[in-house]
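S.K.: Below you'll find the structure I mean.
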Amino acid sequence: PDIAALIAPRPLHMNFGELDGGSPIDEVRNGVKIIANNYAAKHAETNFTYYIEEGSGHVLSPAMWDKTLSHFQRHLMPQQ
């Protein structure tokens with residue numbers, strides 16, 4: 001999380017499956033707090049988003065993809 005936090009204040013979205021053995025959920029929850037705190041310190045709280053999907057493993061589910069697309073639209077698409 002310390003390295004991921006270095007991207008702040010640039011936009012960052014992360015998806016996690018609650019049951020992903022490669023990313024233990026307790027470590028994920030602690031990690032996103034560290035990252036969120038770094039974004040807050042840079043007054044960029046809205047640039048960091050994450051989604052933890054209950055009951056999922058190491059996947060990119062439709063809900064995760066929707067969250068990713070929403071993040072892209074908010075941060076990469078020109079505002080009209």
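Ligands are numbered from 1 in the order shown, residues from 1 within each chain, and chains are lettered A, B, ... in the order they appear in the structure tokens.
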Within 7 Å of region 56-64 of chain A, counting only C-alpha atoms, which residues qualify if same-chain residues fewer than 2 places away don't, as a PDB file with C-alpha atoms, in the first residue's frame?
M.R.:
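After the write, around_18.pdb holds the following:
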```
ATOM      1  CA  ASN A  15     -10.976  -3.890  -7.146  1.00  0.00           C
ATOM      2  CA  GLY A  17     -12.479 -10.054  -4.187  1.00  0.00           C
ATOM      3  CA  GLU A  18     -13.129 -10.786  -0.536  1.00  0.00           C
ATOM      4  CA  LEU A  19     -12.006 -14.399  -0.982  1.00  0.00           C
ATOM      5  CA  ASP A  20      -8.916 -13.749  -3.143  1.00  0.00           C
ATOM      6  CA  GLU A  53     -16.808  -7.665  -3.603  1.00  0.00           C
ATOM      7  CA  GLU A  54     -18.161 -10.064  -1.015  1.00  0.00           C
ATOM      8  CA  ASP A  66     -18.855  -1.256 -13.756  1.00  0.00           C
ATOM      9  CA  LYS A  67     -16.926   0.438 -10.921  1.00  0.00           C
ATOM     10  CA  THR A  68     -13.830   0.616 -13.128  1.00  0.00           C
TER      11      THR A  68
END
```
S.K.: One decimal, Å: what's the distance from CA of Gly31 (chain A) over to CA of Met14 (chain A), could you say?
M.R.: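 Between CA of Gly31 (chain A) and CA of Met14 (chain A) the gap is 11.0 Å.
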S.K.: Would you kindly return, as a ChimeraX atom specification, each protein, DNA or RNA residue with an atom no farther than 6 Å from any atom of Phe48 (chain A), considering only C-alpha atoms and excluding same-chain residues fewer than 6 positions away?
M.R.: /A:11-13
S.K.: Please return, as a ChimeraX atom specification, all residues of chain A that DSSP assigns to helix (DSSP H, G or I) on the basis of the backbone.
M.R.: /A:2-5,25-41,45-47,62-76
S.K.: Given the choices A:Phe72, A:Phe16, A:Pro9, A:Asp2, which gets closest to Lys33 (chain A) if the distance is worked out from only C-alpha atoms?
M.R.: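 Looking at the shortest contact to Lys33 (chain A), the residue is A:Asp2.
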S.K.: Please indicate the distance in Å from CA of Tyr51 (chain A) to CA of Ala36 (chain A), rounded to one decimal place.
M.R.: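 About the pair CA of Tyr51 (chain A) and CA of Ala36 (chain A): they are 12.7 Å apart.
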S.K.: Can you check which residues of region 11-49 of chain A DSSP gives as strand (DSSP E) on the backbone and send them as a ChimeraX atom specification?
M.R.: /A:12-17,48-49
S.K.: Just want the 12 Å neighbourhood of Ile35 (chain A), counted on only C-alpha atoms, with same-chain residues fewer than 5 positions away dropped. Output as a compact mmCIF listing (two decimals) with C-alpha atoms, in the first residue's frame.
M.R.:
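Ended up saving to part-v9.txt:
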```txt
# COMPACT_ATOMS: atom_id res chain seq x y z
CA PRO A 1 0.00 0.00 0.00
CA ASP A 2 2.87 2.41 0.63
CA ILE A 3 3.96 2.22 -3.01
CA ALA A 4 0.39 2.43 -4.35
CA ALA A 5 -0.18 5.50 -2.16
CA LEU A 6 2.63 7.31 -3.97
CA ILE A 7 0.40 7.81 -7.01
CA ALA A 8 -1.71 10.33 -5.05
CA PRO A 9 -3.21 12.71 -5.99
CA ARG A 10 -3.65 11.10 -9.41
CA PRO A 11 -6.83 9.02 -9.87
CA LEU A 12 -6.69 5.39 -8.73
CA HIS A 13 -9.37 2.70 -8.54
CA MET A 14 -8.76 -0.77 -7.13
CA VAL A 28 -6.55 -5.25 1.71
CA ARG A 29 -8.66 -3.36 4.25
CA ASN A 30 -5.58 -2.07 6.04
CA ALA A 40 -6.74 12.76 2.14
CA ALA A 41 -3.41 14.34 3.07
CA LYS A 42 -3.22 15.67 -0.49
CA ALA A 44 -7.68 14.39 -3.23
CA GLU A 45 -10.08 12.01 -1.48
CA ASN A 47 -9.54 10.55 -6.71
CA PHE A 48 -9.18 7.25 -4.85
CA THR A 49 -11.88 4.62 -5.03
CA TYR A 50 -11.95 0.93 -4.30
```
